[in-house]
Amino acid sequence: MNVLLIGSGGREHALAWKLAASPLLTKLYAAPGNPGIAADAECVALDVSDHAAIAAFCADKAIDLVVVGPEAPLVTGLADDLRATGIRVFGPSKAAAQLEGSKGFTKDLCARFGIPTAAYGRFTDAEAARRYVRAQGAPVVVKADGLAAGKGVTVAVTVDEALAAVDACFDGAFGSAGAEVVVEEFLEGEEASFFCLCDGQTALPFGTAQDHKRVGDGDTGPNTGGMGAYSPAPVMTPEIVARTMREIIEPTMKGMSEMGMPFSGVLFAGLMVADGAPKLIEYNVRFGDPECQVLMMRLKDDILVLLKAAADGQLSHMSARWRAEAALTVVMAARGYPGKVERGSVIRGVDQAPPDGVEVFHAGTARQDGELVASGGRVLNVTATGATVAAARDRAYAAVDRIDWPGGFCRRDIGWRAIEREQAPG
Ligand code: AMP
Ligand code: GLY
């Protein structure tokens, strides 16, 4: 099969690495890709927002499957536009991508189909949102409705902070994404990420993970896209996975079908688990980044077979098998991240072959005059497997320490929560 992978981050490098291992693969292209992906795919400089150009490329290269990595092209209907020309796509339609593209859409779906989630209100009027915030009291969570590159959520500890977040949304801090605001109940518990591959009807459980959203050790400092992750997530016991399927995922699949927008692609549920019960925090309609990196390291099966089956509506015949080992990834970011970062600092020591059980995925790199340089905030994902999360962590940090990059930094405590559990007596 000829495959076109859309995207350029660490998530897409992990997908490219796993796709490249498939015996079914004839040729892999990536648009736009990155220097790490270039080891596994031919990178092509297509403009991902130009859907007609992508369709023309697919026709020209006889592409059998397009795999869409990031959410933005899904929310603007790339999958629909490609399918309209007869191209097979892994990824949801524009209508189904509202599960990530509109927080209010997902909250209404939960209300209608009885899916456990935080109590909420949806507002297009600032005064009404402020009234609701005052009535709820703090802590309370304020969210811009639309895509805000992970920055549209304020977990407010005080009413004043929540009111300021409401005003920021309506004053345009997140552009059109903030024209509508969701205010919701603060949930306590432990967060986990749960993934399913979906084909419109069937949802196939596809692994669990936990990420570290804060930039600093001890989970302190500003929120980021994720500074590291590990899989599996110990909090996601078989019982909680079963409950999540029954109470959250299956009603979502059924509800989306009933509403005429069956979901296919990756359904990524952000969960809060408390007292053995999962509640939905939010949906994403793509793999997590960096969660995908740890999932791909653990997946035993052929990812291409699975993604094609999802695109063809054939998942009910499939299963996914995982290595018993844990996997852990450490994000190396450019100094300054998640604020303003300096681009162009030289990275050495990445091109040598990594030790056994380690992969270094590229997230924000470029080649400049023959040198590998940083070209984004999150730059490398040093990913390792191990018999335990602690063993995977030790391997990952040993590999981090072989990388010579004075312009970068990473957290030193990725996995701490799972490792504490592993090391707890009894
Ligand atoms: P989101 O972008 O929706 O994933 O939100 C970012 C982060 O905010 C989540 O990963 C949670 O840590 C936190 N968060 C979002 N909604 C809630 C909620 N209702 N209660 C507690 N924390 C939340
Ligand atoms: N790491 C969280 C996300 O991909 O949304």
# chains A, B, ... in the order shown; residues from 1 in each chain; ligands from 1
call {"tool": "closest_atom_pairs", "arguments": {"of": "segment 184-211 of chain A", "to": "segment 137-140 of chain A", "cutoff": "12 Å", "atoms": "only C-alpha atoms", "output": "Markdown table"}}
result
| residue | atom | partner | partner_atom | distance |
| --- | --- | --- | --- | --- |
| A:Glu184 | CA | A:Val140 | CA | 6.1 |
| A:Glu185 | CA | A:Val140 | CA | 5.4 |
| A:Phe186 | CA | A:Val140 | CA | 5.0 |
| A:Leu187 | CA | A:Val140 | CA | 8.8 |
| A:Glu188 | CA | A:Pro139 | CA | 10.4 |
call {"tool": "write_last_selection", "arguments": {"atoms": "N, CA and C atoms", "output": "CSV table (one decimal), in the first residue's frame"}}
result
chain,number,residue,atom,x,y,z
A,184,GLU,N,-17.6,24.9,33.5
A,184,GLU,CA,-18.0,23.6,34.1
A,184,GLU,C,-17.4,23.4,35.5
A,185,GLU,N,-18.1,22.4,36.1
A,185,GLU,CA,-17.7,22.0,37.5
A,185,GLU,C,-16.3,21.5,37.5
A,186,PHE,N,-15.6,21.8,38.5
A,186,PHE,CA,-14.2,21.3,38.7
A,186,PHE,C,-14.3,19.8,39.2
A,187,LEU,N,-13.6,18.9,38.5
A,187,LEU,CA,-13.6,17.5,38.9
A,187,LEU,C,-12.3,17.2,39.6
A,188,GLU,N,-12.4,16.4,40.7
A,188,GLU,CA,-11.3,15.9,41.4
A,188,GLU,C,-11.0,14.4,41.0
call {"tool": "residues_around", "arguments": {"residues": "segment 356-368 of chain A", "least_positions_apart": "3", "cutoff": "10 Å", "atoms": "only C-alpha atoms", "output": "NGL selection string"}}
result
:A and (8-17 or 33-37 or 289-290 or 293 or 297 or 327-334 or 343-347 or 350-351 or 353 or 371-386 or 392 or 395-396 or 398-400)
call {"tool": "residues_near_ligand", "arguments": {"ligand": "ligand 1", "cutoff": "9 Å", "atoms": "only C-alpha atoms and all ligand atoms", "output": "VMD selection string"}}
result
chain A and resid 103 117 to 120 139 to 143 148 to 155 183 to 189 191 to 192 211 213 223 270 to 272 280 to 284
call {"tool": "select_by_dssp", "arguments": {"residues": "segment 189-348 of chain A", "states": "alpha helix (DSSP H)", "output": "number ranges by chain"}}
result
A: 238-244, 250-258, 291-298, 303-311
call {"tool": "write_last_selection", "arguments": {"atoms": "N, CA, C and O atoms", "output": "CSV table (one decimal), in the first residue's frame"}}
result
chain,number,residue,atom,x,y,z
A,238,PRO,N,-8.6,-3.0,34.4
A,238,PRO,CA,-9.5,-3.6,33.5
A,238,PRO,C,-11.0,-3.3,33.8
A,238,PRO,O,-11.8,-3.1,32.9
A,239,GLU,N,-11.3,-3.1,35.1
A,239,GLU,CA,-12.7,-2.8,35.5
A,239,GLU,C,-13.0,-1.4,35.0
A,239,GLU,O,-14.1,-1.1,34.5
A,240,ILE,N,-12.0,-0.4,35.2
A,240,ILE,CA,-12.3,1.0,34.8
A,240,ILE,C,-12.3,1.1,33.3
A,240,ILE,O,-13.2,1.8,32.7
A,241,VAL,N,-11.5,0.3,32.6
A,241,VAL,CA,-11.6,0.3,31.1
A,241,VAL,C,-13.0,-0.2,30.7
A,241,VAL,O,-13.6,0.4,29.8
A,242,ALA,N,-13.4,-1.3,31.3
A,242,ALA,CA,-14.8,-1.8,30.9
A,242,ALA,C,-15.9,-0.8,31.2
A,242,ALA,O,-16.8,-0.6,30.4
A,243,ARG,N,-15.8,-0.1,32.3
A,243,ARG,CA,-16.8,0.9,32.6
A,243,ARG,C,-16.7,2.1,31.6
A,243,ARG,O,-17.7,2.6,31.2
A,244,THR,N,-15.5,2.5,31.3
A,244,THR,CA,-15.3,3.6,30.3
A,244,THR,C,-15.9,3.2,29.0
A,244,THR,O,-16.6,4.0,28.3
A,250,GLU,N,-19.1,3.7,24.3
A,250,GLU,CA,-20.2,3.1,23.5
A,250,GLU,C,-21.4,4.0,23.3
A,250,GLU,O,-21.9,4.1,22.2
A,251,PRO,N,-21.9,4.7,24.4
A,251,PRO,CA,-22.9,5.7,24.1
A,251,PRO,C,-22.5,6.8,23.2
A,251,PRO,O,-23.4,7.3,22.4
A,252,THR,N,-21.2,7.2,23.2
A,252,THR,CA,-20.8,8.2,22.2
A,252,THR,C,-20.9,7.7,20.8
A,252,THR,O,-21.4,8.4,19.9
A,253,MET,N,-20.4,6.4,20.6
A,253,MET,CA,-20.5,5.9,19.2
A,253,MET,C,-21.9,5.8,18.7
A,253,MET,O,-22.2,6.1,17.6
A,254,LYS,N,-22.8,5.3,19.6
A,254,LYS,CA,-24.2,5.1,19.3
A,254,LYS,C,-24.8,6.5,19.0
A,254,LYS,O,-25.6,6.7,18.0
A,255,GLY,N,-24.5,7.5,19.9
A,255,GLY,CA,-25.1,8.8,19.8
A,255,GLY,C,-24.7,9.5,18.5
A,255,GLY,O,-25.5,10.1,17.8
A,256,MET,N,-23.4,9.4,18.2
A,256,MET,CA,-22.9,10.0,16.9
A,256,MET,C,-23.5,9.4,15.7
A,256,MET,O,-23.9,10.1,14.7
A,257,SER,N,-23.7,8.1,15.7
A,257,SER,CA,-24.4,7.4,14.6
A,257,SER,C,-25.8,7.9,14.5
A,257,SER,O,-26.3,8.2,13.4
A,258,GLU,N,-26.5,7.9,15.6
A,258,GLU,CA,-27.9,8.4,15.6
A,258,GLU,C,-28.0,9.8,15.1
A,258,GLU,O,-29.0,10.2,14.4
A,291,GLU,N,1.4,11.0,23.8
A,291,GLU,CA,0.9,9.6,24.2
A,291,GLU,C,1.1,8.6,23.0
A,291,GLU,O,1.3,7.4,23.3
A,292,CYS,N,0.9,9.1,21.8
A,292,CYS,CA,1.1,8.2,20.6
A,292,CYS,C,2.4,7.5,20.6
A,292,CYS,O,2.5,6.3,20.3
A,293,GLN,N,3.5,8.3,21.0
A,293,GLN,CA,4.8,7.7,21.0
A,293,GLN,C,4.9,6.5,21.9
A,293,GLN,O,5.6,5.5,21.5
A,294,VAL,N,4.3,6.5,23.0
A,294,VAL,CA,4.5,5.4,23.9
A,294,VAL,C,3.5,4.2,23.5
A,294,VAL,O,3.9,3.0,23.6
A,295,LEU,N,2.4,4.6,22.9
A,295,LEU,CA,1.5,3.5,22.4
A,295,LEU,C,2.2,2.8,21.2
A,295,LEU,O,2.1,1.5,21.2
A,296,MET,N,2.8,3.5,20.3
A,296,MET,CA,3.4,2.8,19.2
A,296,MET,C,4.6,1.9,19.6
A,296,MET,O,4.8,0.9,19.0
A,297,MET,N,5.3,2.3,20.6
A,297,MET,CA,6.4,1.4,21.1
A,297,MET,C,5.8,0.1,21.7
A,297,MET,O,6.6,-0.9,21.8
A,298,ARG,N,4.6,0.2,22.2
A,298,ARG,CA,4.0,-1.0,22.9
A,298,ARG,C,3.2,-1.9,22.0
A,298,ARG,O,2.9,-3.0,22.3
A,303,ILE,N,0.2,-1.7,12.6
A,303,ILE,CA,-0.6,-0.5,12.6
A,303,ILE,C,-1.3,-0.2,11.3
A,303,ILE,O,-2.5,0.3,11.3
A,304,LEU,N,-0.7,-0.6,10.2
A,304,LEU,CA,-1.3,-0.3,8.9
A,304,LEU,C,-2.6,-1.1,8.7
A,304,LEU,O,-3.6,-0.6,8.2
A,305,VAL,N,-2.5,-2.4,9.2
A,305,VAL,CA,-3.7,-3.3,9.1
A,305,VAL,C,-4.8,-2.7,9.9
A,305,VAL,O,-6.0,-2.6,9.4
A,306,LEU,N,-4.5,-2.2,11.1
A,306,LEU,CA,-5.5,-1.6,12.0
A,306,LEU,C,-6.1,-0.3,11.4
A,306,LEU,O,-7.4,-0.1,11.4
A,307,LEU,N,-5.3,0.6,10.9
A,307,LEU,CA,-5.8,1.9,10.4
A,307,LEU,C,-6.6,1.7,9.2
A,307,LEU,O,-7.7,2.3,9.0
A,308,LYS,N,-6.2,0.7,8.3
A,308,LYS,CA,-7.0,0.4,7.1
A,308,LYS,C,-8.3,-0.2,7.5
A,308,LYS,O,-9.4,0.2,6.9
A,309,ALA,N,-8.3,-1.1,8.5
A,309,ALA,CA,-9.6,-1.7,8.9
A,309,ALA,C,-10.5,-0.6,9.5
A,309,ALA,O,-11.8,-0.7,9.2
A,310,ALA,N,-10.0,0.3,10.2
A,310,ALA,CA,-10.8,1.4,10.8
A,310,ALA,C,-11.4,2.2,9.6
A,310,ALA,O,-12.6,2.5,9.6
A,311,ALA,N,-10.6,2.5,8.6
A,311,ALA,CA,-11.1,3.4,7.5
A,311,ALA,C,-12.1,2.6,6.7
A,311,ALA,O,-13.0,3.2,6.1
call {"tool": "select_by_dssp", "arguments": {"residues": "segment 191-328 of chain A", "states": "strand (DSSP E)", "output": "PyMOL selection string"}}
result
chain A and resi 191-199+203-211+214-216+220-223+228-231+264-274+277-284+326-328
call {"tool": "atom_distance", "arguments": {"atom1": "atom CA of Leu99 of chain A", "atom2": "atom CA of Ala173 of chain A"}}
result
22.0 Å
call {"tool": "closest_residue", "arguments": {"among": "A:Tyr230, A:Phe113, A:Tyr132, A:Phe206", "to": "ligand 2", "atoms": "only C-alpha atoms and all ligand atoms"}}
result
A:Tyr230
call {"tool": "closest_residue", "arguments": {"among": "A:Ile87, A:Ala162, A:Glu180, A:Gly408", "to": "Glu342 of chain A", "atoms": "only C-alpha atoms"}}
result
A:Gly408
call {"tool": "closest_residue", "arguments": {"among": "A:Ala45, A:Ala179, A:Leu4, A:Val266", "to": "ligand 2", "atoms": "only C-alpha atoms and all ligand atoms"}}
result
A:Val266
call {"tool": "residues_around", "arguments": {"residues": "Val75 of chain A", "least_positions_apart": "6", "cutoff": "9 Å", "atoms": "only C-alpha atoms", "output": "list in words"}}
result
Pro92, Ser93, Lys94, Ala95, Ala96, Ala97, Gln98, Glu100, Gly101 and Leu147 of chain A
call {"tool": "write_last_selection", "arguments": {"atoms": "all heavy atoms", "output": "CSV table (one decimal), in the first residue's frame"}}
result
chain,number,residue,atom,x,y,z
A,92,PRO,N,-11.7,11.3,11.3
A,92,PRO,CA,-13.2,11.6,11.3
A,92,PRO,C,-13.5,12.6,10.3
A,92,PRO,O,-12.7,13.5,9.9
A,92,PRO,CB,-13.4,12.0,12.7
A,92,PRO,CG,-12.1,12.6,13.2
A,92,PRO,CD,-11.1,11.8,12.5
A,93,SER,N,-14.8,12.6,9.9
A,93,SER,CA,-15.4,13.7,9.1
A,93,SER,C,-15.4,15.0,9.9
A,93,SER,O,-15.2,15.0,11.1
A,93,SER,CB,-16.9,13.4,8.8
A,93,SER,OG,-17.6,13.4,10.0
A,94,LYS,N,-15.6,16.1,9.2
A,94,LYS,CA,-15.7,17.4,9.9
A,94,LYS,C,-16.8,17.4,10.9
A,94,LYS,O,-16.6,17.9,12.0
A,94,LYS,CB,-16.0,18.4,8.8
A,94,LYS,CG,-16.2,19.8,9.3
A,94,LYS,CD,-16.4,20.8,8.1
A,94,LYS,CE,-16.6,22.2,8.6
A,94,LYS,NZ,-16.6,23.2,7.5
A,95,ALA,N,-18.0,16.8,10.6
A,95,ALA,CA,-19.1,16.8,11.6
A,95,ALA,C,-18.7,16.0,12.8
A,95,ALA,O,-18.9,16.5,14.0
A,95,ALA,CB,-20.3,16.2,10.9
A,96,ALA,N,-18.0,14.8,12.6
A,96,ALA,CA,-17.7,14.0,13.8
A,96,ALA,C,-16.5,14.6,14.6
A,96,ALA,O,-16.4,14.5,15.8
A,96,ALA,CB,-17.3,12.6,13.3
A,97,ALA,N,-15.7,15.4,13.9
A,97,ALA,CA,-14.5,16.1,14.6
A,97,ALA,C,-15.0,17.2,15.5
A,97,ALA,O,-14.2,17.7,16.3
A,97,ALA,CB,-13.5,16.6,13.5
A,98,GLN,N,-16.3,17.5,15.5
A,98,GLN,CA,-16.8,18.5,16.5
A,98,GLN,C,-16.6,18.0,17.9
A,98,GLN,O,-16.6,18.8,18.8
A,98,GLN,CB,-18.3,18.7,16.3
A,98,GLN,CG,-18.6,19.5,15.0
A,98,GLN,CD,-20.1,19.7,14.9
A,98,GLN,OE1,-20.6,20.7,15.4
A,98,GLN,NE2,-20.8,18.7,14.3
A,100,GLU,N,-13.9,17.2,19.1
A,100,GLU,CA,-12.8,18.0,19.6
A,100,GLU,C,-13.0,19.5,19.3
A,100,GLU,O,-12.5,20.4,20.1
A,100,GLU,CB,-11.5,17.5,19.0
A,100,GLU,CG,-10.3,18.4,19.5
A,100,GLU,CD,-8.9,17.7,19.3
A,100,GLU,OE1,-8.8,16.6,18.8
A,100,GLU,OE2,-7.9,18.3,19.7
A,101,GLY,N,-13.6,19.8,18.2
A,101,GLY,CA,-13.6,21.2,17.7
A,101,GLY,C,-14.6,22.1,18.5
A,101,GLY,O,-14.5,23.3,18.4
A,147,LEU,N,-11.1,25.3,19.0
A,147,LEU,CA,-9.7,24.9,19.1
A,147,LEU,C,-8.9,26.1,19.5
A,147,LEU,O,-8.9,27.1,18.8
A,147,LEU,CB,-9.2,24.4,17.8
A,147,LEU,CG,-9.8,23.0,17.3
A,147,LEU,CD1,-9.0,22.6,16.0
A,147,LEU,CD2,-9.6,21.9,18.3
call {"tool": "atom_distance", "arguments": {"atom1": "atom CA of Gly218 of chain A", "atom2": "atom CA of Phe409 of chain A"}}
result
15.2 Å
call {"tool": "closest_residue", "arguments": {"among": "A:Glu247, A:Gly288, A:Gly91, A:Asp171", "to": "ligand 2", "atoms": "only C-alpha atoms and all ligand atoms"}}
result
A:Gly288
call {"tool": "closest_residue", "arguments": {"among": "A:Trp416, A:His317, A:Arg286, A:Tyr397", "to": "ligand 2", "atoms": "only C-alpha atoms and all ligand atoms"}}
result
A:Arg286
